[in-house]
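K.L.:
Compact mmCIF, C-alpha atoms, saved as my_file-v9.txt, coming up:
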```
# COMPACT_ATOMS: atom_id res chain seq x y z
CA MET A 1 -65.82 -89.07 70.47
CA ALA A 2 -68.96 -90.33 68.71
CA ALA A 3 -68.70 -93.75 70.39
CA GLU A 4 -68.97 -92.11 73.83
CA ILE A 5 -72.61 -91.19 73.15
CA GLU A 6 -75.37 -93.78 73.45
CA VAL A 7 -77.87 -93.53 70.56
CA VAL A 8 -81.40 -94.93 70.64
CA ASP A 9 -81.84 -97.06 67.53
CA GLY A 10 -84.26 -99.62 66.27
CA PRO A 11 -86.62 -101.20 66.23
CA ASN A 12 -84.90 -104.57 66.28
CA ASP A 13 -86.39 -107.88 65.05
CA GLU A 14 -88.68 -108.00 68.09
CA GLY A 15 -89.97 -104.44 67.52
CA GLU A 16 -88.16 -102.89 70.50
CA MET A 17 -85.90 -99.85 70.56
CA PHE A 18 -82.33 -100.38 71.76
CA THR A 19 -79.25 -98.29 72.50
CA ARG A 20 -75.92 -98.61 70.76
CA PRO A 21 -72.65 -96.65 70.66
CA GLY A 22 -72.81 -93.64 68.37
CA LYS A 23 -71.24 -93.47 64.91
CA LEU A 24 -69.93 -90.44 63.04
CA SER A 25 -72.89 -90.63 60.65
CA ASP A 26 -75.46 -90.33 63.48
CA ARG A 27 -77.35 -87.10 64.10
CA PHE A 28 -76.57 -85.13 67.23
CA PRO A 29 -78.81 -86.27 70.10
CA GLN A 30 -81.50 -83.86 71.29
CA PRO A 31 -80.61 -82.31 74.66
CA TYR A 32 -84.18 -82.61 76.00
CA SER A 33 -86.69 -85.41 75.71
CA ASN A 34 -89.63 -83.08 74.93
CA GLU A 35 -90.70 -79.42 74.81
CA GLN A 36 -91.91 -79.34 78.42
CA ALA A 37 -88.54 -80.57 79.74
CA ALA A 38 -86.77 -77.95 77.62
CA ARG A 39 -88.99 -75.14 78.93
CA PHE A 40 -88.53 -76.31 82.53
CA ALA A 41 -84.73 -76.37 82.19
CA ASN A 42 -84.61 -72.93 80.53
CA GLY A 43 -86.85 -70.85 82.77
CA GLY A 44 -89.97 -71.21 80.62
CA ALA A 45 -88.31 -70.32 77.29
CA TYR A 46 -88.22 -72.96 74.57
CA PRO A 47 -84.68 -73.04 73.10
CA PRO A 48 -84.49 -73.07 69.30
CA ASP A 49 -82.74 -75.70 67.22
CA LEU A 50 -79.39 -74.08 66.49
CA SER A 51 -78.24 -76.52 63.81
CA LEU A 52 -79.37 -74.18 61.00
CA VAL A 53 -79.17 -70.80 62.74
CA THR A 54 -76.18 -69.56 60.72
CA LYS A 55 -78.03 -70.27 57.48
CA ALA A 56 -81.42 -69.02 58.69
CA ARG A 57 -80.28 -65.52 59.65
CA HIS A 58 -78.98 -62.86 57.30
CA ASN A 59 -75.22 -62.60 57.86
CA GLY A 60 -75.67 -65.57 60.20
CA GLN A 61 -72.14 -66.12 61.48
CA ASN A 62 -71.68 -62.49 62.44
CA TYR A 63 -75.15 -62.39 64.02
CA VAL A 64 -74.50 -65.44 66.20
CA PHE A 65 -71.06 -64.15 67.24
CA ALA A 66 -72.51 -60.74 68.14
CA LEU A 67 -75.35 -62.40 70.03
CA LEU A 68 -72.99 -64.62 72.06
CA THR A 69 -70.55 -61.84 72.94
CA GLY A 70 -72.89 -58.83 73.02
CA TYR A 71 -74.40 -59.01 76.51
CA ARG A 72 -74.37 -55.63 78.25
CA ASP A 73 -75.99 -53.86 81.17
CA PRO A 74 -79.19 -52.19 79.98
CA PRO A 75 -78.77 -48.49 79.24
CA ALA A 76 -80.49 -45.86 81.36
CA GLY A 77 -84.21 -45.72 80.76
CA ILE A 78 -84.59 -49.32 79.61
CA SER A 79 -86.01 -51.81 82.08
CA ILE A 80 -85.68 -55.53 81.48
CA ARG A 81 -88.19 -57.99 82.92
CA GLU A 82 -86.91 -60.48 85.49
CA GLY A 83 -85.54 -63.62 83.85
CA LEU A 84 -84.48 -61.73 80.70
CA HIS A 85 -81.06 -60.36 79.81
CA TYR A 86 -80.15 -57.29 77.77
CA ASN A 87 -78.44 -57.91 74.44
CA PRO A 88 -78.57 -55.10 71.85
CA TYR A 89 -78.03 -57.57 68.99
CA PHE A 90 -81.23 -59.48 69.73
CA PRO A 91 -84.43 -58.02 68.25
CA GLY A 92 -86.16 -56.16 71.08
CA GLY A 93 -83.00 -56.23 73.20
CA ALA A 94 -84.35 -58.71 75.79
CA ILE A 95 -83.36 -62.37 75.53
CA ALA A 96 -84.09 -65.26 77.88
CA MET A 97 -80.72 -66.95 77.28
CA PRO A 98 -78.17 -65.84 79.88
CA LYS A 99 -74.62 -64.96 78.94
CA MET A 100 -73.04 -68.30 78.06
CA LEU A 101 -69.44 -67.26 77.39
CA ASN A 102 -67.77 -65.80 80.46
CA ASP A 103 -64.19 -64.55 80.50
CA GLY A 104 -61.99 -66.72 82.67
CA ALA A 105 -64.38 -69.67 82.69
CA VAL A 106 -61.68 -71.90 81.18
CA GLU A 107 -58.15 -72.11 82.56
CA TYR A 108 -55.36 -73.25 80.27
CA GLU A 109 -52.23 -74.98 81.52
CA ASP A 110 -49.93 -72.35 80.04
CA GLY A 111 -51.71 -69.58 81.98
CA VAL A 112 -53.04 -67.67 78.95
CA PRO A 113 -56.39 -66.13 79.89
CA ALA A 114 -59.46 -67.36 78.00
CA THR A 115 -61.72 -64.65 76.62
CA GLY A 116 -65.19 -64.88 75.13
CA SER A 117 -64.05 -63.69 71.72
CA SER A 118 -60.46 -64.94 71.58
CA VAL A 119 -59.05 -65.38 68.11
CA LYS A 120 -56.98 -68.48 68.80
CA LEU A 121 -58.37 -71.97 68.96
CA ARG A 122 -56.70 -73.27 72.09
CA ILE A 123 -56.02 -76.97 72.24
CA SER A 124 -54.54 -78.38 75.41
CA SER A 125 -54.91 -81.50 77.49
CA LEU A 126 -58.08 -79.92 78.91
CA GLY A 127 -59.72 -79.88 75.47
CA ILE A 128 -60.77 -77.18 73.06
CA GLY A 129 -61.60 -73.77 74.51
CA ALA A 130 -65.25 -72.89 73.93
CA ASP A 131 -65.12 -69.26 72.88
CA GLY A 132 -67.37 -67.29 70.55
CA LYS A 133 -65.55 -67.98 67.31
CA ASP A 134 -65.28 -71.69 68.06
CA VAL A 135 -69.02 -71.90 68.72
CA VAL A 136 -69.83 -70.01 65.51
CA SER A 137 -67.47 -72.21 63.49
CA PHE A 138 -69.08 -75.33 64.91
CA LEU A 139 -72.61 -74.07 64.20
CA SER A 140 -71.60 -73.21 60.63
CA TRP A 141 -70.22 -76.72 60.17
CA ALA A 142 -73.37 -78.24 61.70
CA ALA A 143 -75.51 -76.30 59.21
CA GLU A 144 -73.43 -77.35 56.20
CA PRO A 145 -71.08 -80.27 56.92
CA GLU A 146 -70.66 -80.83 53.16
CA MET A 147 -69.59 -77.22 52.41
CA GLU A 148 -65.86 -77.92 51.99
CA GLU A 149 -66.54 -80.91 49.75
CA ARG A 150 -68.99 -78.84 47.68
CA LYS A 151 -66.49 -76.00 47.23
CA LEU A 152 -63.76 -78.45 46.24
CA MET A 153 -66.12 -79.99 43.68
CA GLY A 154 -66.89 -76.50 42.32
CA PHE A 155 -63.17 -75.82 41.90
CA LYS A 156 -62.77 -79.11 40.01
CA TRP A 157 -65.72 -78.25 37.72
CA ILE A 158 -64.29 -74.81 36.96
CA PHE A 159 -60.91 -76.35 36.14
CA VAL A 160 -62.39 -79.02 33.82
CA LEU A 161 -64.75 -76.58 32.10
CA SER A 162 -61.92 -74.09 31.50
CA LEU A 163 -59.88 -76.88 29.85
CA ALA A 164 -62.90 -77.78 27.70
CA LEU A 165 -63.33 -74.11 26.75
CA LEU A 166 -59.68 -73.86 25.71
CA GLN A 167 -60.01 -77.02 23.62
CA ALA A 168 -63.20 -75.76 21.97
CA GLY A 169 -61.55 -72.42 21.18
CA TYR A 170 -58.55 -74.13 19.64
CA TYR A 171 -60.79 -76.41 17.55
CA ARG A 172 -62.87 -73.44 16.37
CA ARG A 173 -59.80 -71.51 15.34
CA MET A 174 -58.27 -74.43 13.41
CA ARG A 175 -61.52 -75.56 11.80
CA TRP A 176 -62.85 -72.20 10.70
CA SER A 177 -59.58 -70.42 9.94
CA VAL A 178 -59.56 -71.96 6.45
CA LEU A 179 -63.02 -70.66 5.67
CA LYS A 180 -62.41 -67.31 7.29
CA SER A 181 -59.18 -66.49 5.46
CA ARG A 182 -59.94 -67.91 2.02
CA LYS A 183 -59.94 -65.63 -0.99
CA LEU A 184 -62.68 -65.92 -3.56
CA VAL A 185 -61.81 -64.93 -7.11
CA LEU A 186 -64.58 -64.55 -9.63
CA ASP A 187 -63.79 -65.21 -13.26
CA VAL A 188 -65.89 -63.14 -15.56
CA VAL A 189 -66.68 -64.96 -18.77
CA ASN A 190 -67.51 -62.73 -21.73
```
Can you dump the structure from the file as structure tokens?

P.N.:
Amino acid sequence: MAAEIEVVDGPNDEGEMFTRPGKLSDRFPQPYSNEQAARFANGGAYPPDLSLVTKARHNGQNYVFALLTGYRDPPAGISIREGLHYNPYFPGGAIAMPKMLNDGAVEYEDGVPATGSSVKLRISSLGIGADGKDVVSFLSWAAEPEMEERKLMGFKWIFVLSLALLQAGYYRRMRWSVLKSRKLVLDVVN
């Protein structure tokens, strides 16, 4: 999958930039070449970098999921400017990003309907279904790709430190039990 993307790299020995097939260690390419191109493609709104959005927001995963699946018609009495969409989970309720996850946008070979918040991760010959939970899981991984390794390392540290604590407790008991349980007898000399 990474080799399908062309990555600009360099400079080479002659000082020129060149393209090469992507590697797994490469960063994700930016979707737009500059801010003006991004604003033009998104109706004047500059899209944020979503690689850290789940860490930047309080309760980030739930916030992003609610934001992706929370589009509604505006309630009575609330008017939304043209080009904006109503989402009660976005501060202010008006967001420039249109609803990205639409029910029925993906058809699976087995005929199971795709929903915006489906629980299952559907893998078929068409690929992975892009629903709300998949998007949130991917954004969480993009924010912390080392999280699983870090948690495994923490488990190893807890295991090793608990063994060291048991050994220290055993040593303390054996070393100091003689001093703790000794009996002192005083001889009184007249």

K.L.:
In Å, how far is it from atom CA of Gln30 of chain A to atom CA of Glu16 of chain A?

P.N.:
20.2 Å

K.L.:
Residues near Lys55 of chain A, anyone? I mean within 12 Å using all atoms listed in the file, not counting same-chain ones fewer than 6 positions away, as a PyMOL selection string.

P.N.:
chain A and resi 61-64+136+139-144

K.L.:
Please measure the separation of atom CA of Ala3 of chain A and atom CA of Leu24 of chain A, giving the value in Å to one decimal.

P.N.:
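Taking atom CA of Ala3 of chain A as the start and atom CA of Leu24 of chain A as the end point, the length is 8.2 Å.
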
K.L.:
Here is a test: counting all atoms listed in the file, which residue of A:Asn34, A:Asn42, A:Thr69, A:Asn59 is nearest to Val135 of chain A?

P.N.:
A:Thr69

K.L.:
Which residues are near segment 83-94 of chain A? Cut-off 8 Å, only C-alpha atoms, ignore same chain within fewer than 5 positions. Put them as an MDAnalysis selection string.

P.N.:
chainID A and resid 43 63 66:67 70:74 99

K.L.:
Do you have the atom CA of Gly154 of chain A-atom CA of His58 of chain A distance handy?

P.N.:
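Rounded to one decimal, the two atoms are 23.6 Å apart.
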
K.L.:
Which residue, A:Ser51, A:Ser79, A:Ser25, A:Ser177, has the smallest gap to Ser137 of chain A when you use only C-alpha atoms?

P.N.:
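When distances to Ser137 of chain A are compared using only C-alpha atoms, the smallest one comes from A:Ser51.
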
K.L.:
Which polymer residues have any atom within 9 Å of an atom of segment 46-49 of chain A, counting only C-alpha atoms, with same-chain residues fewer than 5 positions away left out, as a ChimeraX atom specification?

P.N.:
/A:35-36,38-40,97

K.L.:
Using only C-alpha atoms, which protein or nucleic acid residues come within 7 Å of Arg20 of chain A? Drop anything in the same chain fewer than 6 positions from it, and give the result as a list in words.

P.N.:
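Here the qualifying residues turn out to be Glu6, Val7, Val8 and Asp9 of chain A.
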
K.L.:
Atoms are missing here; could segment 75-88 of chain A be completed with N, CA and C atoms and written as a PDB file, in the coordinates of the input?

P.N.:
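What landed in part.pdb:
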```pdb
ATOM      1  N   PRO A  75     -79.027 -49.930  79.109  1.00  0.00           N
ATOM      2  CA  PRO A  75     -78.770 -48.490  79.240  1.00  0.00           C
ATOM      3  C   PRO A  75     -79.843 -47.819  80.102  1.00  0.00           C
ATOM      4  N   ALA A  76     -79.549 -46.607  80.511  1.00  0.00           N
ATOM      5  CA  ALA A  76     -80.490 -45.860  81.360  1.00  0.00           C
ATOM      6  C   ALA A  76     -81.808 -45.675  80.626  1.00  0.00           C
ATOM      7  N   GLY A  77     -82.889 -45.902  81.342  1.00  0.00           N
ATOM      8  CA  GLY A  77     -84.210 -45.720  80.760  1.00  0.00           C
ATOM      9  C   GLY A  77     -84.825 -46.986  80.203  1.00  0.00           C
ATOM     10  N   ILE A  78     -84.063 -48.054  80.124  1.00  0.00           N
ATOM     11  CA  ILE A  78     -84.590 -49.320  79.610  1.00  0.00           C
ATOM     12  C   ILE A  78     -84.653 -50.307  80.769  1.00  0.00           C
ATOM     13  N   SER A  79     -85.850 -50.819  81.014  1.00  0.00           N
ATOM     14  CA  SER A  79     -86.010 -51.810  82.080  1.00  0.00           C
ATOM     15  C   SER A  79     -86.242 -53.174  81.447  1.00  0.00           C
ATOM     16  N   ILE A  80     -85.588 -54.156  81.978  1.00  0.00           N
ATOM     17  CA  ILE A  80     -85.680 -55.530  81.480  1.00  0.00           C
ATOM     18  C   ILE A  80     -86.432 -56.352  82.512  1.00  0.00           C
ATOM     19  N   ARG A  81     -87.400 -57.125  82.052  1.00  0.00           N
ATOM     20  CA  ARG A  81     -88.190 -57.990  82.920  1.00  0.00           C
ATOM     21  C   ARG A  81     -87.290 -59.029  83.604  1.00  0.00           C
ATOM     22  N   GLU A  82     -87.690 -59.473  84.772  1.00  0.00           N
ATOM     23  CA  GLU A  82     -86.910 -60.480  85.490  1.00  0.00           C
ATOM     24  C   GLU A  82     -86.868 -61.773  84.682  1.00  0.00           C
ATOM     25  N   GLY A  83     -85.714 -62.388  84.623  1.00  0.00           N
ATOM     26  CA  GLY A  83     -85.540 -63.620  83.850  1.00  0.00           C
ATOM     27  C   GLY A  83     -85.038 -63.358  82.442  1.00  0.00           C
ATOM     28  N   LEU A  84     -85.005 -62.089  82.021  1.00  0.00           N
ATOM     29  CA  LEU A  84     -84.480 -61.730  80.700  1.00  0.00           C
ATOM     30  C   LEU A  84     -83.162 -61.005  80.868  1.00  0.00           C
ATOM     31  N   HIS A  85     -82.382 -60.983  79.799  1.00  0.00           N
ATOM     32  CA  HIS A  85     -81.060 -60.360  79.810  1.00  0.00           C
ATOM     33  C   HIS A  85     -80.977 -59.399  78.637  1.00  0.00           C
ATOM     34  N   TYR A  86     -80.250 -58.295  78.821  1.00  0.00           N
ATOM     35  CA  TYR A  86     -80.150 -57.290  77.770  1.00  0.00           C
ATOM     36  C   TYR A  86     -79.041 -57.653  76.788  1.00  0.00           C
ATOM     37  N   ASN A  87     -79.400 -57.682  75.512  1.00  0.00           N
ATOM     38  CA  ASN A  87     -78.440 -57.910  74.440  1.00  0.00           C
ATOM     39  C   ASN A  87     -78.890 -57.047  73.259  1.00  0.00           C
ATOM     40  N   PRO A  88     -78.126 -56.010  72.915  1.00  0.00           N
ATOM     41  CA  PRO A  88     -78.570 -55.100  71.850  1.00  0.00           C
ATOM     42  C   PRO A  88     -78.638 -55.750  70.476  1.00  0.00           C
TER      43      PRO A  88
END
```
